[in-house]
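In what follows, a structure is listed as structure tokens, so that the remarks can point back to it.
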Amino acid sequence: MATKIALTTFPPLGLGLVRFGLATMLLGPFMFIKTNIDKPTPKDVMKLTVSGLLGITLYFSLENIGVKYSTAVDAALIVASYPAITMLLEAMLFQTKYPVQSFMGVVLAIFGVYMIVSVNSFGEGSERVFGNLLLILAGIVWALYNFITHSVASKYSMSTITFYQIVAGTIGFLPIAFLEADGWGPLSLDALIAVIYLGALCSLLAFYLYAFGLRQISSSSAVVLMNLVPVFGILFSMIILKESINTIQIIGGTVVISGGVLSIKAADNLVVKKREEN
């Protein structure tokens with residue numbers, strides 16, 4: 001919702017640069033005065049750099065462009081499918097064994113996303129469908145970011161991981177943001193408040209807490225919390241942006257959330273069972 005407001009002034013790639021540039025400036029002084037600064041190995045620096053380019057530069061480029069052409073409601077609903085997308089890619093890339101219920105959940109989530117996307121192909125033009133497809137692609141990128149971040153999450157402090165990723169992501173925006181030099185609009189107070197909110201809370205604080213959560217809570221707990229995103233996203237989009245939601249979107253969103261919960265919870269139960277056996 002805040003992204004939609006900020007896009008009234010900032011173009012999609014420029015918004016990414018300003019948003020994460022602000023986060024870097026806020027985190028930089030803290031890292032400078034910190035006494036016990038972690039020093040990642042060269043191999044881990046590369047992982048943090050790649051994860052920053054994926055989870056910040058590429059992900060938010062796709063998300064910002066997707067939201068520009070889509071709606072905040074659609075974006076919130078599609079985000080709910082990300083846990084299922086992550087599980088499916090993990091099974092494909094790492095041959096991770098999941099129970100049948102997990103794959104049933106993935107199928108449900110994909111079907112729910114299809115309902116959300118397909119309902120917009122009639123009467124709304126192709127731009128909204130294009131935006132939704134970019135948001136789905138962003139989910140794949142987010143899954144890859146999770147895989148890499150999880151491999152270093154237990155080695156370093158959350159401030160170290162967040163700092164390296166945000167700096168890498170901000171630098172990644174530098175060369176591409178200038179492609180939209182003519183797309184900047186007059187700065188409004190609403191857009192300024194939105195970009196400060198995005199930079200300070202949704203970028204800096206959220207990435208810190210998310211990286212911390214990756215090594216602290218179970219998958220089932222994480223997916224329950226993540227499914228609050230579409231709930232609040234839809235609520236604020238309807239109240240502040242005056243966006244409407246139709247019956248198909250409600251059904252599709254419910255199917256997506258149910259599929260995500262089923263897929264990840266079944267997988268988490270399997271992990272718990274294996275731990276108890278060992």
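Each chain of the structure tokens is named A, B, ... in the order shown, its residues numbered from 1; ligands are numbered from 1 in display order.
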Using 8 Å as the limit and counting only C-alpha atoms, can you tabulate each residue of region 13-55 of chain A that touches region 62-82 of chain A, with its shortest atom-to-atom distance in Å and the two atoms involved, as CSV?
```
residue,atom,partner,partner_atom,distance
A:Leu13,CA,A:Asn64,CA,7.3
A:Leu15,CA,A:Asn64,CA,7.9
A:Gly16,CA,A:Asn64,CA,7.8
```
Next, dump the selected residues to file, keeping only N, CA and C atoms, as a CSV table (one decimal), in the first residue's frame.
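Once written, selection01.csv looks like this:
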```
chain,number,residue,atom,x,y,z
A,13,LEU,N,12.1,1.8,-10.2
A,13,LEU,CA,13.5,1.6,-9.9
A,13,LEU,C,14.1,2.7,-9.0
A,15,LEU,N,12.4,4.4,-6.9
A,15,LEU,CA,11.9,4.2,-5.5
A,15,LEU,C,12.8,3.2,-4.8
A,16,GLY,N,13.2,2.1,-5.5
A,16,GLY,CA,14.1,1.2,-4.8
A,16,GLY,C,15.4,1.8,-4.4
```
- [ ] Skip Thr8 (chain A) itself and residues of its chain fewer than 6 positions away, then list as a ChimeraX atom specification all residues within 9 Å of it, counting only C-alpha atoms.
- [x] /A:184-188,191
Where in region 83-165 of chain A does DSSP assign helix (DSSP H, G or I), given as a PDB file with N, CA and C atoms, in the first residue's frame?
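File produced: out_11.pdb:
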```pdb
ATOM      1  N   PRO A  83       5.201 -18.584   0.399  1.00  0.00           N
ATOM      2  CA  PRO A  83       5.680 -19.768   1.124  1.00  0.00           C
ATOM      3  C   PRO A  83       5.536 -21.054   0.307  1.00  0.00           C
ATOM      4  N   ALA A  84       4.424 -21.190  -0.406  1.00  0.00           N
ATOM      5  CA  ALA A  84       4.220 -22.386  -1.224  1.00  0.00           C
ATOM      6  C   ALA A  84       5.208 -22.419  -2.393  1.00  0.00           C
ATOM      7  N   ILE A  85       5.470 -21.267  -2.994  1.00  0.00           N
ATOM      8  CA  ILE A  85       6.455 -21.177  -4.076  1.00  0.00           C
ATOM      9  C   ILE A  85       7.825 -21.583  -3.562  1.00  0.00           C
ATOM     10  N   THR A  86       8.174 -21.116  -2.367  1.00  0.00           N
ATOM     11  CA  THR A  86       9.469 -21.455  -1.772  1.00  0.00           C
ATOM     12  C   THR A  86       9.599 -22.958  -1.562  1.00  0.00           C
ATOM     13  N   MET A  87       8.541 -23.576  -1.028  1.00  0.00           N
ATOM     14  CA  MET A  87       8.583 -25.017  -0.783  1.00  0.00           C
ATOM     15  C   MET A  87       8.717 -25.803  -2.083  1.00  0.00           C
ATOM     16  N   LEU A  88       7.995 -25.386  -3.110  1.00  0.00           N
ATOM     17  CA  LEU A  88       8.046 -26.080  -4.396  1.00  0.00           C
ATOM     18  C   LEU A  88       9.440 -25.989  -5.003  1.00  0.00           C
ATOM     19  N   LEU A  89      10.050 -24.815  -4.964  1.00  0.00           N
ATOM     20  CA  LEU A  89      11.399 -24.654  -5.514  1.00  0.00           C
ATOM     21  C   LEU A  89      12.425 -25.452  -4.706  1.00  0.00           C
ATOM     22  N   GLU A  90      12.224 -25.495  -3.392  1.00  0.00           N
ATOM     23  CA  GLU A  90      13.142 -26.271  -2.555  1.00  0.00           C
ATOM     24  C   GLU A  90      13.082 -27.749  -2.915  1.00  0.00           C
ATOM     25  N   ALA A  91      11.883 -28.248  -3.181  1.00  0.00           N
ATOM     26  CA  ALA A  91      11.729 -29.646  -3.583  1.00  0.00           C
ATOM     27  C   ALA A  91      12.370 -29.898  -4.943  1.00  0.00           C
ATOM     28  N   MET A  92      12.263 -28.930  -5.861  1.00  0.00           N
ATOM     29  CA  MET A  92      12.807 -29.091  -7.204  1.00  0.00           C
ATOM     30  C   MET A  92      14.330 -28.941  -7.244  1.00  0.00           C
ATOM     31  N   LEU A  93      14.852 -27.945  -6.513  1.00  0.00           N
ATOM     32  CA  LEU A  93      16.278 -27.639  -6.592  1.00  0.00           C
ATOM     33  C   LEU A  93      17.131 -28.507  -5.668  1.00  0.00           C
ATOM     34  N   PHE A  94      16.574 -28.841  -4.490  1.00  0.00           N
ATOM     35  CA  PHE A  94      17.374 -29.567  -3.496  1.00  0.00           C
ATOM     36  C   PHE A  94      16.851 -30.979  -3.230  1.00  0.00           C
ATOM     37  N   VAL A 100       2.662 -35.620   0.878  1.00  0.00           N
ATOM     38  CA  VAL A 100       1.689 -35.341  -0.185  1.00  0.00           C
ATOM     39  C   VAL A 100       0.853 -34.106   0.148  1.00  0.00           C
ATOM     40  N   GLN A 101       0.536 -33.920   1.441  1.00  0.00           N
ATOM     41  CA  GLN A 101      -0.282 -32.772   1.826  1.00  0.00           C
ATOM     42  C   GLN A 101       0.383 -31.453   1.448  1.00  0.00           C
ATOM     43  N   SER A 102       1.706 -31.426   1.507  1.00  0.00           N
ATOM     44  CA  SER A 102       2.420 -30.201   1.160  1.00  0.00           C
ATOM     45  C   SER A 102       2.201 -29.842  -0.298  1.00  0.00           C
ATOM     46  N   PHE A 103       2.300 -30.840  -1.168  1.00  0.00           N
ATOM     47  CA  PHE A 103       2.114 -30.581  -2.592  1.00  0.00           C
ATOM     48  C   PHE A 103       0.651 -30.262  -2.918  1.00  0.00           C
ATOM     49  N   MET A 104      -0.252 -30.839  -2.139  1.00  0.00           N
ATOM     50  CA  MET A 104      -1.663 -30.468  -2.298  1.00  0.00           C
ATOM     51  C   MET A 104      -1.848 -28.981  -1.973  1.00  0.00           C
ATOM     52  N   GLY A 105      -1.141 -28.535  -0.935  1.00  0.00           N
ATOM     53  CA  GLY A 105      -1.204 -27.135  -0.572  1.00  0.00           C
ATOM     54  C   GLY A 105      -0.635 -26.228  -1.647  1.00  0.00           C
ATOM     55  N   VAL A 106       0.461 -26.659  -2.277  1.00  0.00           N
ATOM     56  CA  VAL A 106       1.069 -25.890  -3.371  1.00  0.00           C
ATOM     57  C   VAL A 106       0.092 -25.757  -4.533  1.00  0.00           C
ATOM     58  N   VAL A 107      -0.558 -26.882  -4.868  1.00  0.00           N
ATOM     59  CA  VAL A 107      -1.539 -26.860  -5.960  1.00  0.00           C
ATOM     60  C   VAL A 107      -2.668 -25.891  -5.637  1.00  0.00           C
ATOM     61  N   LEU A 108      -3.141 -25.916  -4.383  1.00  0.00           N
ATOM     62  CA  LEU A 108      -4.194 -24.999  -3.964  1.00  0.00           C
ATOM     63  C   LEU A 108      -3.753 -23.549  -4.103  1.00  0.00           C
ATOM     64  N   ALA A 109      -2.526 -23.270  -3.644  1.00  0.00           N
ATOM     65  CA  ALA A 109      -2.022 -21.900  -3.701  1.00  0.00           C
ATOM     66  C   ALA A 109      -1.893 -21.419  -5.138  1.00  0.00           C
ATOM     67  N   ILE A 110      -1.380 -22.281  -6.018  1.00  0.00           N
ATOM     68  CA  ILE A 110      -1.234 -21.915  -7.431  1.00  0.00           C
ATOM     69  C   ILE A 110      -2.598 -21.666  -8.065  1.00  0.00           C
ATOM     70  N   PHE A 111      -3.562 -22.511  -7.713  1.00  0.00           N
ATOM     71  CA  PHE A 111      -4.918 -22.328  -8.249  1.00  0.00           C
ATOM     72  C   PHE A 111      -5.511 -21.005  -7.763  1.00  0.00           C
ATOM     73  N   GLY A 112      -5.257 -20.684  -6.492  1.00  0.00           N
ATOM     74  CA  GLY A 112      -5.757 -19.423  -5.954  1.00  0.00           C
ATOM     75  C   GLY A 112      -5.156 -18.226  -6.671  1.00  0.00           C
ATOM     76  N   VAL A 113      -3.854 -18.282  -6.946  1.00  0.00           N
ATOM     77  CA  VAL A 113      -3.198 -17.199  -7.687  1.00  0.00           C
ATOM     78  C   VAL A 113      -3.782 -17.095  -9.087  1.00  0.00           C
ATOM     79  N   TYR A 114      -4.047 -18.251  -9.707  1.00  0.00           N
ATOM     80  CA  TYR A 114      -4.654 -18.252 -11.046  1.00  0.00           C
ATOM     81  C   TYR A 114      -6.006 -17.541 -11.017  1.00  0.00           C
ATOM     82  N   MET A 115      -6.787 -17.779  -9.974  1.00  0.00           N
ATOM     83  CA  MET A 115      -8.091 -17.113  -9.856  1.00  0.00           C
ATOM     84  C   MET A 115      -7.922 -15.598  -9.770  1.00  0.00           C
ATOM     85  N   ILE A 116      -6.942 -15.170  -8.989  1.00  0.00           N
ATOM     86  CA  ILE A 116      -6.709 -13.744  -8.804  1.00  0.00           C
ATOM     87  C   ILE A 116      -6.269 -13.096 -10.111  1.00  0.00           C
ATOM     88  N   VAL A 117      -5.348 -13.762 -10.812  1.00  0.00           N
ATOM     89  CA  VAL A 117      -4.803 -13.200 -12.053  1.00  0.00           C
ATOM     90  C   VAL A 117      -5.826 -13.239 -13.174  1.00  0.00           C
ATOM     91  N   SER A 118      -6.531 -14.383 -13.312  1.00  0.00           N
ATOM     92  CA  SER A 118      -7.434 -14.556 -14.449  1.00  0.00           C
ATOM     93  C   SER A 118      -8.633 -13.626 -14.387  1.00  0.00           C
ATOM     94  N   VAL A 119      -9.085 -13.287 -13.184  1.00  0.00           N
ATOM     95  CA  VAL A 119     -10.257 -12.424 -13.071  1.00  0.00           C
ATOM     96  C   VAL A 119      -9.962 -11.031 -13.599  1.00  0.00           C
ATOM     97  N   ASN A 120      -8.676 -10.672 -13.680  1.00  0.00           N
ATOM     98  CA  ASN A 120      -8.303  -9.344 -14.138  1.00  0.00           C
ATOM     99  C   ASN A 120      -8.045  -9.281 -15.633  1.00  0.00           C
ATOM    100  N   SER A 121      -8.180 -10.397 -16.322  1.00  0.00           N
ATOM    101  CA  SER A 121      -7.899 -10.413 -17.757  1.00  0.00           C
ATOM    102  C   SER A 121      -9.099  -9.969 -18.570  1.00  0.00           C
ATOM    103  N   SER A 126      -4.564  -5.509 -20.230  1.00  0.00           N
ATOM    104  CA  SER A 126      -3.483  -6.472 -19.998  1.00  0.00           C
ATOM    105  C   SER A 126      -2.454  -5.971 -18.993  1.00  0.00           C
ATOM    106  N   GLU A 127      -2.456  -4.684 -18.658  1.00  0.00           N
ATOM    107  CA  GLU A 127      -1.443  -4.140 -17.763  1.00  0.00           C
ATOM    108  C   GLU A 127      -1.528  -4.766 -16.368  1.00  0.00           C
ATOM    109  N   ARG A 128      -2.740  -4.934 -15.859  1.00  0.00           N
ATOM    110  CA  ARG A 128      -2.909  -5.497 -14.524  1.00  0.00           C
ATOM    111  C   ARG A 128      -2.461  -6.951 -14.489  1.00  0.00           C
ATOM    112  N   VAL A 129      -2.741  -7.693 -15.543  1.00  0.00           N
ATOM    113  CA  VAL A 129      -2.290  -9.082 -15.626  1.00  0.00           C
ATOM    114  C   VAL A 129      -0.766  -9.123 -15.667  1.00  0.00           C
ATOM    115  N   PHE A 130      -0.167  -8.224 -16.462  1.00  0.00           N
ATOM    116  CA  PHE A 130       1.297  -8.140 -16.545  1.00  0.00           C
ATOM    117  C   PHE A 130       1.888  -7.851 -15.176  1.00  0.00           C
ATOM    118  N   GLY A 131       1.285  -6.922 -14.443  1.00  0.00           N
ATOM    119  CA  GLY A 131       1.763  -6.603 -13.103  1.00  0.00           C
ATOM    120  C   GLY A 131       1.679  -7.795 -12.172  1.00  0.00           C
ATOM    121  N   ASN A 132       0.593  -8.547 -12.245  1.00  0.00           N
ATOM    122  CA  ASN A 132       0.442  -9.730 -11.397  1.00  0.00           C
ATOM    123  C   ASN A 132       1.476 -10.805 -11.726  1.00  0.00           C
ATOM    124  N   LEU A 133       1.777 -10.968 -13.009  1.00  0.00           N
ATOM    125  CA  LEU A 133       2.788 -11.953 -13.409  1.00  0.00           C
ATOM    126  C   LEU A 133       4.164 -11.563 -12.879  1.00  0.00           C
ATOM    127  N   LEU A 134       4.467 -10.261 -12.880  1.00  0.00           N
ATOM    128  CA  LEU A 134       5.734  -9.802 -12.309  1.00  0.00           C
ATOM    129  C   LEU A 134       5.785 -10.079 -10.811  1.00  0.00           C
ATOM    130  N   LEU A 135       4.654  -9.944 -10.131  1.00  0.00           N
ATOM    131  CA  LEU A 135       4.605 -10.214  -8.695  1.00  0.00           C
ATOM    132  C   LEU A 135       4.818 -11.701  -8.405  1.00  0.00           C
ATOM    133  N   ILE A 136       4.319 -12.555  -9.282  1.00  0.00           N
ATOM    134  CA  ILE A 136       4.556 -13.996  -9.131  1.00  0.00           C
ATOM    135  C   ILE A 136       6.030 -14.310  -9.338  1.00  0.00           C
ATOM    136  N   LEU A 137       6.634 -13.689 -10.358  1.00  0.00           N
ATOM    137  CA  LEU A 137       8.070 -13.871 -10.606  1.00  0.00           C
ATOM    138  C   LEU A 137       8.888 -13.380  -9.417  1.00  0.00           C
ATOM    139  N   ALA A 138       8.424 -12.300  -8.794  1.00  0.00           N
ATOM    140  CA  ALA A 138       9.100 -11.792  -7.603  1.00  0.00           C
ATOM    141  C   ALA A 138       9.093 -12.835  -6.489  1.00  0.00           C
ATOM    142  N   GLY A 139       8.025 -13.631  -6.410  1.00  0.00           N
ATOM    143  CA  GLY A 139       7.958 -14.698  -5.409  1.00  0.00           C
ATOM    144  C   GLY A 139       9.034 -15.748  -5.611  1.00  0.00           C
ATOM    145  N   ILE A 140       9.353 -16.051  -6.861  1.00  0.00           N
ATOM    146  CA  ILE A 140      10.425 -17.008  -7.159  1.00  0.00           C
ATOM    147  C   ILE A 140      11.768 -16.438  -6.730  1.00  0.00           C
ATOM    148  N   VAL A 141      11.980 -15.159  -7.020  1.00  0.00           N
ATOM    149  CA  VAL A 141      13.221 -14.491  -6.617  1.00  0.00           C
ATOM    150  C   VAL A 141      13.337 -14.458  -5.094  1.00  0.00           C
ATOM    151  N   TRP A 142      12.213 -14.201  -4.412  1.00  0.00           N
ATOM    152  CA  TRP A 142      12.220 -14.167  -2.954  1.00  0.00           C
ATOM    153  C   TRP A 142      12.588 -15.527  -2.371  1.00  0.00           C
ATOM    154  N   ALA A 143      12.155 -16.590  -3.009  1.00  0.00           N
ATOM    155  CA  ALA A 143      12.504 -17.939  -2.542  1.00  0.00           C
ATOM    156  C   ALA A 143      14.011 -18.164  -2.636  1.00  0.00           C
ATOM    157  N   LEU A 144      14.613 -17.740  -3.742  1.00  0.00           N
ATOM    158  CA  LEU A 144      16.059 -17.881  -3.910  1.00  0.00           C
ATOM    159  C   LEU A 144      16.813 -17.067  -2.861  1.00  0.00           C
ATOM    160  N   TYR A 145      16.302 -15.884  -2.561  1.00  0.00           N
ATOM    161  CA  TYR A 145      16.892 -15.065  -1.504  1.00  0.00           C
ATOM    162  C   TYR A 145      16.857 -15.802  -0.167  1.00  0.00           C
ATOM    163  N   ASN A 146      15.735 -16.457   0.124  1.00  0.00           N
ATOM    164  CA  ASN A 146      15.602 -17.211   1.374  1.00  0.00           C
ATOM    165  C   ASN A 146      16.625 -18.327   1.478  1.00  0.00           C
ATOM    166  N   PHE A 147      16.824 -19.053   0.377  1.00  0.00           N
ATOM    167  CA  PHE A 147      17.760 -20.178   0.395  1.00  0.00           C
ATOM    168  C   PHE A 147      19.174 -19.705   0.745  1.00  0.00           C
ATOM    169  N   ILE A 148      19.595 -18.614   0.128  1.00  0.00           N
ATOM    170  CA  ILE A 148      20.959 -18.121   0.353  1.00  0.00           C
ATOM    171  C   ILE A 148      21.091 -17.527   1.751  1.00  0.00           C
ATOM    172  N   THR A 149      20.103 -16.745   2.179  1.00  0.00           N
ATOM    173  CA  THR A 149      20.170 -16.118   3.498  1.00  0.00           C
ATOM    174  C   THR A 149      20.169 -17.163   4.608  1.00  0.00           C
ATOM    175  N   HIS A 150      19.388 -18.203   4.419  1.00  0.00           N
ATOM    176  CA  HIS A 150      19.311 -19.254   5.440  1.00  0.00           C
ATOM    177  C   HIS A 150      20.662 -19.928   5.653  1.00  0.00           C
ATOM    178  N   SER A 151      21.496 -19.980   4.606  1.00  0.00           N
ATOM    179  CA  SER A 151      22.799 -20.648   4.703  1.00  0.00           C
ATOM    180  C   SER A 151      23.806 -19.857   5.538  1.00  0.00           C
ATOM    181  N   VAL A 152      23.548 -18.570   5.775  1.00  0.00           N
ATOM    182  CA  VAL A 152      24.481 -17.756   6.569  1.00  0.00           C
ATOM    183  C   VAL A 152      23.816 -17.165   7.811  1.00  0.00           C
ATOM    184  N   MET A 158      22.379 -10.353  13.111  1.00  0.00           N
ATOM    185  CA  MET A 158      21.352  -9.891  12.189  1.00  0.00           C
ATOM    186  C   MET A 158      21.697  -8.529  11.592  1.00  0.00           C
ATOM    187  N   SER A 159      22.349  -7.657  12.376  1.00  0.00           N
ATOM    188  CA  SER A 159      22.740  -6.352  11.845  1.00  0.00           C
ATOM    189  C   SER A 159      23.781  -6.493  10.745  1.00  0.00           C
ATOM    190  N   THR A 160      24.683  -7.465  10.885  1.00  0.00           N
ATOM    191  CA  THR A 160      25.699  -7.686   9.854  1.00  0.00           C
ATOM    192  C   THR A 160      25.063  -8.180   8.565  1.00  0.00           C
ATOM    193  N   ILE A 161      24.193  -9.174   8.686  1.00  0.00           N
ATOM    194  CA  ILE A 161      23.527  -9.717   7.502  1.00  0.00           C
ATOM    195  C   ILE A 161      22.693  -8.640   6.818  1.00  0.00           C
ATOM    196  N   THR A 162      21.921  -7.905   7.611  1.00  0.00           N
ATOM    197  CA  THR A 162      21.064  -6.861   7.051  1.00  0.00           C
ATOM    198  C   THR A 162      21.892  -5.781   6.372  1.00  0.00           C
ATOM    199  N   PHE A 163      23.001  -5.368   7.004  1.00  0.00           N
ATOM    200  CA  PHE A 163      23.834  -4.297   6.444  1.00  0.00           C
ATOM    201  C   PHE A 163      24.429  -4.704   5.103  1.00  0.00           C
ATOM    202  N   TYR A 164      25.029  -5.867   5.030  1.00  0.00           N
ATOM    203  CA  TYR A 164      25.651  -6.314   3.778  1.00  0.00           C
ATOM    204  C   TYR A 164      24.605  -6.447   2.669  1.00  0.00           C
ATOM    205  N   GLN A 165      23.458  -6.996   3.005  1.00  0.00           N
ATOM    206  CA  GLN A 165      22.424  -7.190   1.985  1.00  0.00           C
ATOM    207  C   GLN A 165      21.866  -5.853   1.497  1.00  0.00           C
TER     208      GLN A 165
END
```
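Counting only C-alpha atoms and comparing A:Pro99, A:Gly52, A:Gly252, A:Pro12, the residue that lies closest to Thr170 (chain A) is A:Gly52.
Computed from the coordinates, the CA of Gly55 (chain A) to CA of Lys242 (chain A) distance equals 29.5 Å.
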Task: Coordinates-based distance that separates CA of Thr57 (chain A) from CA of Pro175 (chain A) (Å, one decimal) - done: 10.9 Å
Task: Non-local contacts of Arg19 (chain A) (9 Å; only C-alpha atoms; under 4 positions in same chain excluded) as a PyMOL selection string - done: chain A and resi 14-15+23-24+170+195-200+203
Task: Pairwise distance for CA of Ser61 (chain A) and CA of Val18 (chain A), rounded to one decimal in Å - done: 12.3 Å
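If only C-alpha atoms are the atoms counted, then among A:Thr254, A:Ser51, A:Asn246, A:Ser157 the closest residue to Lys39 (chain A) is A:Ser157.
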